[in-house]
Amino acid sequence: MVGSVGVGGANPIRVQSMITCDTMDTEMSIQQTIELAAVGCEIVRITAPTVKDARNLEHIVKGLRERGCDAPVVADIHFKPEAAMEAAKWVDKVRINPGNYADSKKFVIREYTDEQYAAELGRIRERFAPLVDLCKKRGIAMRIGTNHGSLSDRILNRYGDTPLGMVESALEFARIARDLDYHAFVFSMKSSNPKVMIAAYRLLVARLDEEGPDWNYPIHLGVTEAGEGEDARIKSAIGIGSLLADGIGDTIRVSLTEDSIQEIPVAKALVGQRRSL
């Protein structure tokens, strides 16, 4: 559950989008969220790059609920675990990127021994576990969202800048969540290259199948920064549509460099095509 919206299982494929204004502009954030919900956006994401932005999510969510908008709100976290911890107090879901949540990218080329790699995973657990505990305590969801192009040095040095690296990065964080008996999470494997994105998602699903039936977590689909106009719509249709045709995907976002409202009809059309298959 993301707020009152069910994701995965027998639920319909959910359509998401993201507001584009400054998170510190409370009134505009509320307005854009209401506008998205009005055209059929079922889950709305808001960026929270700093603790200050994350703190203002309290006022945005409060304003939305006072105006009768119950659209679930997702905080998009970039590099700061502290911002994630603050945001998790107020929202229905937190999105983190394993590539930069607990790592600062130094572009260092080195070989990790198994002991060094295990020590790195221990460090990541220390940084990530408090967020997992808070999400579990509050009963909110999380997206473990890998991005091609923002993988950690540790992953790059062992797996390269590859779909396999993307999958392994997400699984490391998922294992920590599962160890803490937290299961309310969604995976994503986003890339601006549809071929990479498709390969990563297919590999992820294969790996989850290998892990066992209790690893059947929901999956969010998206092509990062698809652009605008017809080209962006074609790019999104290739990436998202191919995976939906495979039966992969529980939520989607079409990422256009246009007004966010323009994303919703495209996403709905893709979902409609999936239903007709």
# chains A, B, ... in the order shown; residues from 1 in each chain; ligands from 1
$ residues_around --residues "Glu168 in chain A" --least-positions-apart "3" --cutoff "9 Å" --atoms "only C-alpha atoms" --output "ChimeraX atom specification"
/A:155,159,163-165,171-173,204
$ write_last_selection --atoms "N, CA and C atoms" --output "tab-separated table (two decimals), in the first residue's frame"
chain	number	residue	atom	x	y	z
A	155	ILE	N	30.00	-0.92	-6.79
A	155	ILE	CA	29.27	-1.73	-7.77
A	155	ILE	C	29.97	-1.66	-9.14
A	159	TYR	N	30.99	-5.00	-10.96
A	159	TYR	CA	30.06	-5.45	-12.01
A	159	TYR	C	30.11	-4.60	-13.28
A	163	PRO	N	23.57	-3.59	-16.71
A	163	PRO	CA	22.30	-3.99	-16.10
A	163	PRO	C	22.50	-4.88	-14.88
A	164	LEU	N	23.50	-5.77	-14.93
A	164	LEU	CA	23.78	-6.63	-13.77
A	164	LEU	C	24.17	-5.79	-12.56
A	165	GLY	N	24.98	-4.75	-12.77
A	165	GLY	CA	25.36	-3.86	-11.69
A	165	GLY	C	24.15	-3.16	-11.09
A	171	LEU	N	19.51	-5.20	-5.09
A	171	LEU	CA	19.35	-6.39	-4.25
A	171	LEU	C	20.10	-6.27	-2.93
A	172	GLU	N	21.25	-5.57	-2.94
A	172	GLU	CA	21.98	-5.35	-1.69
A	172	GLU	C	21.10	-4.64	-0.67
A	173	PHE	N	20.40	-3.61	-1.12
A	173	PHE	CA	19.54	-2.85	-0.21
A	173	PHE	C	18.30	-3.65	0.17
A	204	LEU	N	16.39	-8.28	-13.55
A	204	LEU	CA	15.88	-8.18	-12.18
A	204	LEU	C	14.81	-9.25	-11.93
$ select_by_dssp --residues "range 13-235 of chain A" --states "strand (DSSP E)" --output "PyMOL selection string"
chain A and resi 14-18+43-47+73-76+93-96+141-147+185-190+220-227
$ write_last_selection --atoms "C-alpha atoms" --output "mmCIF file, in the first residue's frame"
data_model
loop_
_atom_site.group_PDB
_atom_site.id
_atom_site.type_symbol
_atom_site.label_atom_id
_atom_site.label_comp_id
_atom_site.auth_asym_id
_atom_site.auth_seq_id
_atom_site.Cartn_x
_atom_site.Cartn_y
_atom_site.Cartn_z
ATOM 1 C CA ARG A 14 -0.811 2.543 -11.238
ATOM 2 C CA VAL A 15 0.085 5.809 -12.978
ATOM 3 C CA GLN A 16 2.580 8.123 -11.306
ATOM 4 C CA SER A 17 4.071 11.539 -12.003
ATOM 5 C CA MET A 18 6.167 14.204 -10.308
ATOM 6 C CA ILE A 43 0.721 8.597 -6.907
ATOM 7 C CA VAL A 44 2.616 11.915 -6.821
ATOM 8 C CA ARG A 45 6.361 12.272 -6.245
ATOM 9 C CA ILE A 46 8.002 15.383 -4.768
ATOM 10 C CA THR A 47 11.752 15.962 -4.656
ATOM 11 C CA VAL A 73 2.878 11.518 -1.717
ATOM 12 C CA VAL A 74 6.328 10.061 -2.400
ATOM 13 C CA ALA A 75 9.530 11.822 -1.307
ATOM 14 C CA ASP A 76 12.334 11.590 -3.861
ATOM 15 C CA LYS A 93 6.526 6.452 0.470
ATOM 16 C CA VAL A 94 10.228 7.267 0.205
ATOM 17 C CA ARG A 95 12.272 6.703 -2.939
ATOM 18 C CA ILE A 96 15.999 6.133 -2.508
ATOM 19 C CA ALA A 141 6.370 2.141 1.546
ATOM 20 C CA MET A 142 9.763 2.543 -0.098
ATOM 21 C CA ARG A 143 11.100 2.413 -3.640
ATOM 22 C CA ILE A 144 14.574 1.014 -4.100
ATOM 23 C CA GLY A 145 15.256 2.764 -7.371
ATOM 24 C CA THR A 146 18.515 2.111 -9.192
ATOM 25 C CA ASN A 147 19.536 4.573 -11.899
ATOM 26 C CA PHE A 185 9.128 -1.927 -1.054
ATOM 27 C CA VAL A 186 9.085 -1.589 -4.828
ATOM 28 C CA PHE A 187 11.988 -1.999 -7.258
ATOM 29 C CA SER A 188 12.900 0.156 -10.247
ATOM 30 C CA MET A 189 15.740 -0.030 -12.792
ATOM 31 C CA LYS A 190 15.643 3.263 -14.682
ATOM 32 C CA HIS A 220 7.904 0.492 -11.035
ATOM 33 C CA LEU A 221 8.730 1.197 -14.691
ATOM 34 C CA GLY A 222 10.161 4.320 -16.264
ATOM 35 C CA VAL A 223 12.556 5.655 -18.886
ATOM 36 C CA THR A 224 14.558 8.462 -17.266
ATOM 37 C CA GLU A 225 14.438 11.893 -18.921
ATOM 38 C CA ALA A 226 12.758 10.695 -22.095
ATOM 39 C CA GLY A 227 12.601 14.271 -23.387
#
$ select_by_dssp --residues "range 78-239 of chain A" --states "alpha helix (DSSP H)" --output "ChimeraX atom specification"
/A:81-87,114-138,153-159,163-179,194-211,229-239
$ write_last_selection --atoms "C-alpha atoms" --output "PDB file, in the first residue's frame"
ATOM      1  CA  PRO A  81      19.997   9.864   4.462  1.00  0.00           C
ATOM      2  CA  GLU A  82      19.129  12.715   6.854  1.00  0.00           C
ATOM      3  CA  ALA A  83      16.626  14.084   4.319  1.00  0.00           C
ATOM      4  CA  ALA A  84      15.125  10.613   3.912  1.00  0.00           C
ATOM      5  CA  MET A  85      14.687  10.268   7.676  1.00  0.00           C
ATOM      6  CA  GLU A  86      12.898  13.619   7.863  1.00  0.00           C
ATOM      7  CA  ALA A  87      10.722  12.964   4.805  1.00  0.00           C
ATOM      8  CA  ASP A 114      35.574 -10.123  -0.447  1.00  0.00           C
ATOM      9  CA  GLU A 115      36.383  -8.873   3.070  1.00  0.00           C
ATOM     10  CA  GLN A 116      36.516  -5.244   1.936  1.00  0.00           C
ATOM     11  CA  TYR A 117      33.283  -5.650   0.011  1.00  0.00           C
ATOM     12  CA  ALA A 118      31.576  -7.161   3.059  1.00  0.00           C
ATOM     13  CA  ALA A 119      32.846  -4.257   5.182  1.00  0.00           C
ATOM     14  CA  GLU A 120      31.317  -1.808   2.693  1.00  0.00           C
ATOM     15  CA  LEU A 121      27.977  -3.605   2.932  1.00  0.00           C
ATOM     16  CA  GLY A 122      28.187  -3.351   6.709  1.00  0.00           C
ATOM     17  CA  ARG A 123      28.715   0.406   6.427  1.00  0.00           C
ATOM     18  CA  ILE A 124      25.733   0.710   4.097  1.00  0.00           C
ATOM     19  CA  ARG A 125      23.565  -1.248   6.504  1.00  0.00           C
ATOM     20  CA  GLU A 126      24.411   1.213   9.282  1.00  0.00           C
ATOM     21  CA  ARG A 127      23.289   4.104   7.070  1.00  0.00           C
ATOM     22  CA  PHE A 128      20.196   2.408   5.636  1.00  0.00           C
ATOM     23  CA  ALA A 129      18.779   0.483   8.603  1.00  0.00           C
ATOM     24  CA  PRO A 130      17.410   3.561  10.461  1.00  0.00           C
ATOM     25  CA  LEU A 131      15.288   4.501   7.414  1.00  0.00           C
ATOM     26  CA  VAL A 132      13.994   0.942   7.094  1.00  0.00           C
ATOM     27  CA  ASP A 133      13.075   0.916  10.788  1.00  0.00           C
ATOM     28  CA  LEU A 134      11.232   4.244  10.514  1.00  0.00           C
ATOM     29  CA  CYS A 135       9.299   3.178   7.390  1.00  0.00           C
ATOM     30  CA  LYS A 136       8.366  -0.071   9.103  1.00  0.00           C
ATOM     31  CA  LYS A 137       7.268   1.753  12.258  1.00  0.00           C
ATOM     32  CA  ARG A 138       5.120   4.219  10.294  1.00  0.00           C
ATOM     33  CA  ASP A 153      32.119   2.960  -7.213  1.00  0.00           C
ATOM     34  CA  ARG A 154      31.880  -0.352  -5.349  1.00  0.00           C
ATOM     35  CA  ILE A 155      29.274  -1.727  -7.775  1.00  0.00           C
ATOM     36  CA  LEU A 156      31.052  -0.314 -10.835  1.00  0.00           C
ATOM     37  CA  ASN A 157      34.339  -1.909  -9.840  1.00  0.00           C
ATOM     38  CA  ARG A 158      32.799  -5.343  -9.341  1.00  0.00           C
ATOM     39  CA  TYR A 159      30.060  -5.451 -12.008  1.00  0.00           C
ATOM     40  CA  PRO A 163      22.296  -3.987 -16.097  1.00  0.00           C
ATOM     41  CA  LEU A 164      23.779  -6.628 -13.770  1.00  0.00           C
ATOM     42  CA  GLY A 165      25.356  -3.862 -11.687  1.00  0.00           C
ATOM     43  CA  MET A 166      21.999  -2.090 -11.487  1.00  0.00           C
ATOM     44  CA  VAL A 167      20.262  -5.248 -10.293  1.00  0.00           C
ATOM     45  CA  GLU A 168      22.944  -6.163  -7.739  1.00  0.00           C
ATOM     46  CA  SER A 169      22.896  -2.620  -6.339  1.00  0.00           C
ATOM     47  CA  ALA A 170      19.162  -2.850  -5.634  1.00  0.00           C
ATOM     48  CA  LEU A 171      19.349  -6.392  -4.253  1.00  0.00           C
ATOM     49  CA  GLU A 172      21.984  -5.351  -1.686  1.00  0.00           C
ATOM     50  CA  PHE A 173      19.544  -2.845  -0.214  1.00  0.00           C
ATOM     51  CA  ALA A 174      16.591  -5.228  -0.500  1.00  0.00           C
ATOM     52  CA  ARG A 175      18.440  -7.870   1.492  1.00  0.00           C
ATOM     53  CA  ILE A 176      19.028  -5.374   4.308  1.00  0.00           C
ATOM     54  CA  ALA A 177      15.324  -4.471   4.304  1.00  0.00           C
ATOM     55  CA  ARG A 178      14.323  -8.136   4.392  1.00  0.00           C
ATOM     56  CA  ASP A 179      16.772  -8.860   7.216  1.00  0.00           C
ATOM     57  CA  PRO A 194      15.420   1.997 -23.313  1.00  0.00           C
ATOM     58  CA  LYS A 195      17.627  -0.958 -24.294  1.00  0.00           C
ATOM     59  CA  VAL A 196      19.546  -0.791 -21.004  1.00  0.00           C
ATOM     60  CA  MET A 197      16.327  -0.246 -19.065  1.00  0.00           C
ATOM     61  CA  ILE A 198      14.594  -3.253 -20.657  1.00  0.00           C
ATOM     62  CA  ALA A 199      17.627  -5.499 -20.095  1.00  0.00           C
ATOM     63  CA  ALA A 200      17.916  -4.424 -16.439  1.00  0.00           C
ATOM     64  CA  TYR A 201      14.258  -5.061 -15.639  1.00  0.00           C
ATOM     65  CA  ARG A 202      14.252  -8.453 -17.339  1.00  0.00           C
ATOM     66  CA  LEU A 203      17.392  -9.430 -15.449  1.00  0.00           C
ATOM     67  CA  LEU A 204      15.875  -8.183 -12.180  1.00  0.00           C
ATOM     68  CA  VAL A 205      12.768 -10.322 -12.648  1.00  0.00           C
ATOM     69  CA  ALA A 206      14.918 -13.363 -13.476  1.00  0.00           C
ATOM     70  CA  ARG A 207      16.992 -12.784 -10.326  1.00  0.00           C
ATOM     71  CA  LEU A 208      13.876 -12.366  -8.168  1.00  0.00           C
ATOM     72  CA  ASP A 209      12.505 -15.621  -9.560  1.00  0.00           C
ATOM     73  CA  GLU A 210      15.781 -17.326  -8.632  1.00  0.00           C
ATOM     74  CA  GLU A 211      15.582 -15.969  -5.091  1.00  0.00           C
ATOM     75  CA  GLY A 229       7.376  15.611 -28.100  1.00  0.00           C
ATOM     76  CA  GLU A 230       6.871  12.572 -30.280  1.00  0.00           C
ATOM     77  CA  ASP A 231      10.405  11.212 -29.784  1.00  0.00           C
ATOM     78  CA  ALA A 232       9.941  11.089 -26.005  1.00  0.00           C
ATOM     79  CA  ARG A 233       6.609   9.322 -26.341  1.00  0.00           C
ATOM     80  CA  ILE A 234       8.096   6.732 -28.706  1.00  0.00           C
ATOM     81  CA  LYS A 235      11.076   6.211 -26.381  1.00  0.00           C
ATOM     82  CA  SER A 236       8.776   5.687 -23.405  1.00  0.00           C
ATOM     83  CA  ALA A 237       6.485   3.389 -25.364  1.00  0.00           C
ATOM     84  CA  ILE A 238       9.445   1.208 -26.400  1.00  0.00           C
ATOM     85  CA  GLY A 239      10.843   0.911 -22.866  1.00  0.00           C
TER      86      GLY A 239
END
$ residues_around --residues "Arg275 in chain A" --least-positions-apart "2" --cutoff "12 Å" --atoms "only C-alpha atoms" --output "list in words"
Pro12, Ile13, Gly241, Leu244, Ala245, Gly247, Lys268, Ala269, Leu270, Val271, Gly272, Gln273 and Leu277 of chain A
$ write_last_selection --atoms "C-alpha atoms" --output "PDB file, in the first residue's frame"
ATOM      1  CA  PRO A  12      -4.363  -2.330 -11.566  1.00  0.00           C
ATOM      2  CA  ILE A  13      -1.177  -0.807 -12.988  1.00  0.00           C
ATOM      3  CA  GLY A 241       5.506  -0.905 -23.393  1.00  0.00           C
ATOM      4  CA  LEU A 244       4.296  -4.325 -19.865  1.00  0.00           C
ATOM      5  CA  ALA A 245       3.890  -6.705 -22.805  1.00  0.00           C
ATOM      6  CA  GLY A 247       3.810  -8.895 -17.915  1.00  0.00           C
ATOM      7  CA  LYS A 268      -2.787   5.797 -19.457  1.00  0.00           C
ATOM      8  CA  ALA A 269      -2.458   4.895 -23.145  1.00  0.00           C
ATOM      9  CA  LEU A 270       0.360   2.460 -22.355  1.00  0.00           C
ATOM     10  CA  VAL A 271      -1.666   0.866 -19.563  1.00  0.00           C
ATOM     11  CA  GLY A 272      -4.643   0.630 -21.932  1.00  0.00           C
ATOM     12  CA  GLN A 273      -2.510  -1.145 -24.530  1.00  0.00           C
ATOM     13  CA  LEU A 277      -3.082  -7.633 -25.068  1.00  0.00           C
TER      14      LEU A 277
END
$ decode --residues "range 48-186 of chain A" --atoms "C-alpha atoms" --output "PDB file, in the first residue's frame"
ATOM      1  CA  ALA A  48      13.408  16.351  -1.249  1.00  0.00           C
ATOM      2  CA  PRO A  49      17.123  16.922  -1.857  1.00  0.00           C
ATOM      3  CA  THR A  50      17.778  18.550   1.530  1.00  0.00           C
ATOM      4  CA  VAL A  51      16.531  18.200   5.099  1.00  0.00           C
ATOM      5  CA  LYS A  52      14.885  21.621   4.746  1.00  0.00           C
ATOM      6  CA  ASP A  53      12.908  20.451   1.701  1.00  0.00           C
ATOM      7  CA  ALA A  54      11.997  17.218   3.476  1.00  0.00           C
ATOM      8  CA  ARG A  55      10.748  19.148   6.506  1.00  0.00           C
ATOM      9  CA  ASN A  56       8.416  21.198   4.303  1.00  0.00           C
ATOM     10  CA  LEU A  57       6.692  18.025   3.124  1.00  0.00           C
ATOM     11  CA  GLU A  58       4.795  18.154   6.425  1.00  0.00           C
ATOM     12  CA  HIS A  59       3.107  21.388   5.335  1.00  0.00           C
ATOM     13  CA  ILE A  60       2.497  20.172   1.776  1.00  0.00           C
ATOM     14  CA  VAL A  61       0.844  16.933   2.900  1.00  0.00           C
ATOM     15  CA  LYS A  62      -1.180  18.738   5.569  1.00  0.00           C
ATOM     16  CA  GLY A  63      -2.385  21.259   2.975  1.00  0.00           C
ATOM     17  CA  LEU A  64      -3.356  18.512   0.553  1.00  0.00           C
ATOM     18  CA  ARG A  65      -5.376  16.596   3.114  1.00  0.00           C
ATOM     19  CA  GLU A  66      -7.124  19.767   4.321  1.00  0.00           C
ATOM     20  CA  ARG A  67      -8.229  20.408   0.719  1.00  0.00           C
ATOM     21  CA  GLY A  68      -9.564  16.897   0.309  1.00  0.00           C
ATOM     22  CA  CYS A  69      -6.756  15.538  -1.862  1.00  0.00           C
ATOM     23  CA  ASP A  70      -5.769  12.061  -0.678  1.00  0.00           C
ATOM     24  CA  ALA A  71      -3.237  11.317  -3.437  1.00  0.00           C
ATOM     25  CA  PRO A  72      -0.295   9.429  -1.923  1.00  0.00           C
ATOM     26  CA  VAL A  73       2.878  11.518  -1.717  1.00  0.00           C
ATOM     27  CA  VAL A  74       6.328  10.061  -2.400  1.00  0.00           C
ATOM     28  CA  ALA A  75       9.530  11.822  -1.307  1.00  0.00           C
ATOM     29  CA  ASP A  76      12.334  11.590  -3.861  1.00  0.00           C
ATOM     30  CA  ILE A  77      15.658  11.406  -2.017  1.00  0.00           C
ATOM     31  CA  HIS A  78      18.976  12.025  -3.726  1.00  0.00           C
ATOM     32  CA  PHE A  79      22.104  11.842  -1.566  1.00  0.00           C
ATOM     33  CA  LYS A  80      21.133  12.573   2.020  1.00  0.00           C
ATOM     34  CA  PRO A  81      19.997   9.864   4.462  1.00  0.00           C
ATOM     35  CA  GLU A  82      19.129  12.715   6.854  1.00  0.00           C
ATOM     36  CA  ALA A  83      16.626  14.084   4.319  1.00  0.00           C
ATOM     37  CA  ALA A  84      15.125  10.613   3.912  1.00  0.00           C
ATOM     38  CA  MET A  85      14.687  10.268   7.676  1.00  0.00           C
ATOM     39  CA  GLU A  86      12.898  13.619   7.863  1.00  0.00           C
ATOM     40  CA  ALA A  87      10.722  12.964   4.805  1.00  0.00           C
ATOM     41  CA  ALA A  88       9.668   9.548   6.112  1.00  0.00           C
ATOM     42  CA  LYS A  89       7.911  11.292   9.002  1.00  0.00           C
ATOM     43  CA  TRP A  90       5.393  12.903   6.642  1.00  0.00           C
ATOM     44  CA  VAL A  91       4.931  11.008   3.383  1.00  0.00           C
ATOM     45  CA  ASP A  92       3.400   7.734   2.198  1.00  0.00           C
ATOM     46  CA  LYS A  93       6.526   6.452   0.470  1.00  0.00           C
ATOM     47  CA  VAL A  94      10.228   7.267   0.205  1.00  0.00           C
ATOM     48  CA  ARG A  95      12.272   6.703  -2.939  1.00  0.00           C
ATOM     49  CA  ILE A  96      15.999   6.133  -2.508  1.00  0.00           C
ATOM     50  CA  ASN A  97      18.723   5.406  -5.054  1.00  0.00           C
ATOM     51  CA  PRO A  98      21.142   2.716  -3.807  1.00  0.00           C
ATOM     52  CA  GLY A  99      23.894   4.221  -5.951  1.00  0.00           C
ATOM     53  CA  ASN A 100      24.085   7.440  -3.972  1.00  0.00           C
ATOM     54  CA  TYR A 101      22.181   6.917  -0.714  1.00  0.00           C
ATOM     55  CA  ALA A 102      25.185   5.915   1.370  1.00  0.00           C
ATOM     56  CA  ASP A 103      28.037   6.469  -1.093  1.00  0.00           C
ATOM     57  CA  SER A 104      29.834   9.555  -2.330  1.00  0.00           C
ATOM     58  CA  LYS A 105      31.069   8.962  -5.844  1.00  0.00           C
ATOM     59  CA  LYS A 106      34.832   9.353  -6.120  1.00  0.00           C
ATOM     60  CA  PHE A 107      35.346   7.554  -9.457  1.00  0.00           C
ATOM     61  CA  VAL A 108      38.056   5.500  -7.803  1.00  0.00           C
ATOM     62  CA  ILE A 109      39.237   2.394  -9.630  1.00  0.00           C
ATOM     63  CA  ARG A 110      40.168  -0.343  -7.201  1.00  0.00           C
ATOM     64  CA  GLU A 111      39.699  -4.037  -6.639  1.00  0.00           C
ATOM     65  CA  TYR A 112      37.715  -4.997  -3.557  1.00  0.00           C
ATOM     66  CA  THR A 113      38.560  -8.187  -1.723  1.00  0.00           C
ATOM     67  CA  ASP A 114      35.574 -10.123  -0.447  1.00  0.00           C
ATOM     68  CA  GLU A 115      36.383  -8.873   3.070  1.00  0.00           C
ATOM     69  CA  GLN A 116      36.516  -5.244   1.936  1.00  0.00           C
ATOM     70  CA  TYR A 117      33.283  -5.650   0.011  1.00  0.00           C
ATOM     71  CA  ALA A 118      31.576  -7.161   3.059  1.00  0.00           C
ATOM     72  CA  ALA A 119      32.846  -4.257   5.182  1.00  0.00           C
ATOM     73  CA  GLU A 120      31.317  -1.808   2.693  1.00  0.00           C
ATOM     74  CA  LEU A 121      27.977  -3.605   2.932  1.00  0.00           C
ATOM     75  CA  GLY A 122      28.187  -3.351   6.709  1.00  0.00           C
ATOM     76  CA  ARG A 123      28.715   0.406   6.427  1.00  0.00           C
ATOM     77  CA  ILE A 124      25.733   0.710   4.097  1.00  0.00           C
ATOM     78  CA  ARG A 125      23.565  -1.248   6.504  1.00  0.00           C
ATOM     79  CA  GLU A 126      24.411   1.213   9.282  1.00  0.00           C
ATOM     80  CA  ARG A 127      23.289   4.104   7.070  1.00  0.00           C
ATOM     81  CA  PHE A 128      20.196   2.408   5.636  1.00  0.00           C
ATOM     82  CA  ALA A 129      18.779   0.483   8.603  1.00  0.00           C
ATOM     83  CA  PRO A 130      17.410   3.561  10.461  1.00  0.00           C
ATOM     84  CA  LEU A 131      15.288   4.501   7.414  1.00  0.00           C
ATOM     85  CA  VAL A 132      13.994   0.942   7.094  1.00  0.00           C
ATOM     86  CA  ASP A 133      13.075   0.916  10.788  1.00  0.00           C
ATOM     87  CA  LEU A 134      11.232   4.244  10.514  1.00  0.00           C
ATOM     88  CA  CYS A 135       9.299   3.178   7.390  1.00  0.00           C
ATOM     89  CA  LYS A 136       8.366  -0.071   9.103  1.00  0.00           C
ATOM     90  CA  LYS A 137       7.268   1.753  12.258  1.00  0.00           C
ATOM     91  CA  ARG A 138       5.120   4.219  10.294  1.00  0.00           C
ATOM     92  CA  GLY A 139       3.767   1.577   7.919  1.00  0.00           C
ATOM     93  CA  ILE A 140       4.903   3.423   4.798  1.00  0.00           C
ATOM     94  CA  ALA A 141       6.370   2.141   1.546  1.00  0.00           C
ATOM     95  CA  MET A 142       9.763   2.543  -0.098  1.00  0.00           C
ATOM     96  CA  ARG A 143      11.100   2.413  -3.640  1.00  0.00           C
ATOM     97  CA  ILE A 144      14.574   1.014  -4.100  1.00  0.00           C
ATOM     98  CA  GLY A 145      15.256   2.764  -7.371  1.00  0.00           C
ATOM     99  CA  THR A 146      18.515   2.111  -9.192  1.00  0.00           C
ATOM    100  CA  ASN A 147      19.536   4.573 -11.899  1.00  0.00           C
ATOM    101  CA  HIS A 148      21.913   3.672 -14.704  1.00  0.00           C
ATOM    102  CA  GLY A 149      24.675   6.281 -14.553  1.00  0.00           C
ATOM    103  CA  SER A 150      24.607   6.717 -10.780  1.00  0.00           C
ATOM    104  CA  LEU A 151      25.938   3.378  -9.600  1.00  0.00           C
ATOM    105  CA  SER A 152      28.383   3.409  -6.693  1.00  0.00           C
ATOM    106  CA  ASP A 153      32.119   2.960  -7.213  1.00  0.00           C
ATOM    107  CA  ARG A 154      31.880  -0.352  -5.349  1.00  0.00           C
ATOM    108  CA  ILE A 155      29.274  -1.727  -7.775  1.00  0.00           C
ATOM    109  CA  LEU A 156      31.052  -0.314 -10.835  1.00  0.00           C
ATOM    110  CA  ASN A 157      34.339  -1.909  -9.840  1.00  0.00           C
ATOM    111  CA  ARG A 158      32.799  -5.343  -9.341  1.00  0.00           C
ATOM    112  CA  TYR A 159      30.060  -5.451 -12.008  1.00  0.00           C
ATOM    113  CA  GLY A 160      30.783  -2.540 -14.350  1.00  0.00           C
ATOM    114  CA  ASP A 161      28.283   0.003 -15.641  1.00  0.00           C
ATOM    115  CA  THR A 162      25.876  -2.763 -16.615  1.00  0.00           C
ATOM    116  CA  PRO A 163      22.296  -3.987 -16.097  1.00  0.00           C
ATOM    117  CA  LEU A 164      23.779  -6.628 -13.770  1.00  0.00           C
ATOM    118  CA  GLY A 165      25.356  -3.862 -11.687  1.00  0.00           C
ATOM    119  CA  MET A 166      21.999  -2.090 -11.487  1.00  0.00           C
ATOM    120  CA  VAL A 167      20.262  -5.248 -10.293  1.00  0.00           C
ATOM    121  CA  GLU A 168      22.944  -6.163  -7.739  1.00  0.00           C
ATOM    122  CA  SER A 169      22.896  -2.620  -6.339  1.00  0.00           C
ATOM    123  CA  ALA A 170      19.162  -2.850  -5.634  1.00  0.00           C
ATOM    124  CA  LEU A 171      19.349  -6.392  -4.253  1.00  0.00           C
ATOM    125  CA  GLU A 172      21.984  -5.351  -1.686  1.00  0.00           C
ATOM    126  CA  PHE A 173      19.544  -2.845  -0.214  1.00  0.00           C
ATOM    127  CA  ALA A 174      16.591  -5.228  -0.500  1.00  0.00           C
ATOM    128  CA  ARG A 175      18.440  -7.870   1.492  1.00  0.00           C
ATOM    129  CA  ILE A 176      19.028  -5.374   4.308  1.00  0.00           C
ATOM    130  CA  ALA A 177      15.324  -4.471   4.304  1.00  0.00           C
ATOM    131  CA  ARG A 178      14.323  -8.136   4.392  1.00  0.00           C
ATOM    132  CA  ASP A 179      16.772  -8.860   7.216  1.00  0.00           C
ATOM    133  CA  LEU A 180      14.905  -6.215   9.197  1.00  0.00           C
ATOM    134  CA  ASP A 181      11.567  -7.849   8.283  1.00  0.00           C
ATOM    135  CA  TYR A 182      10.500  -4.953   6.078  1.00  0.00           C
ATOM    136  CA  HIS A 183       8.776  -5.897   2.832  1.00  0.00           C
ATOM    137  CA  ALA A 184       6.763  -2.836   1.749  1.00  0.00           C
ATOM    138  CA  PHE A 185       9.128  -1.927  -1.054  1.00  0.00           C
ATOM    139  CA  VAL A 186       9.085  -1.589  -4.828  1.00  0.00           C
TER     140      VAL A 186
END
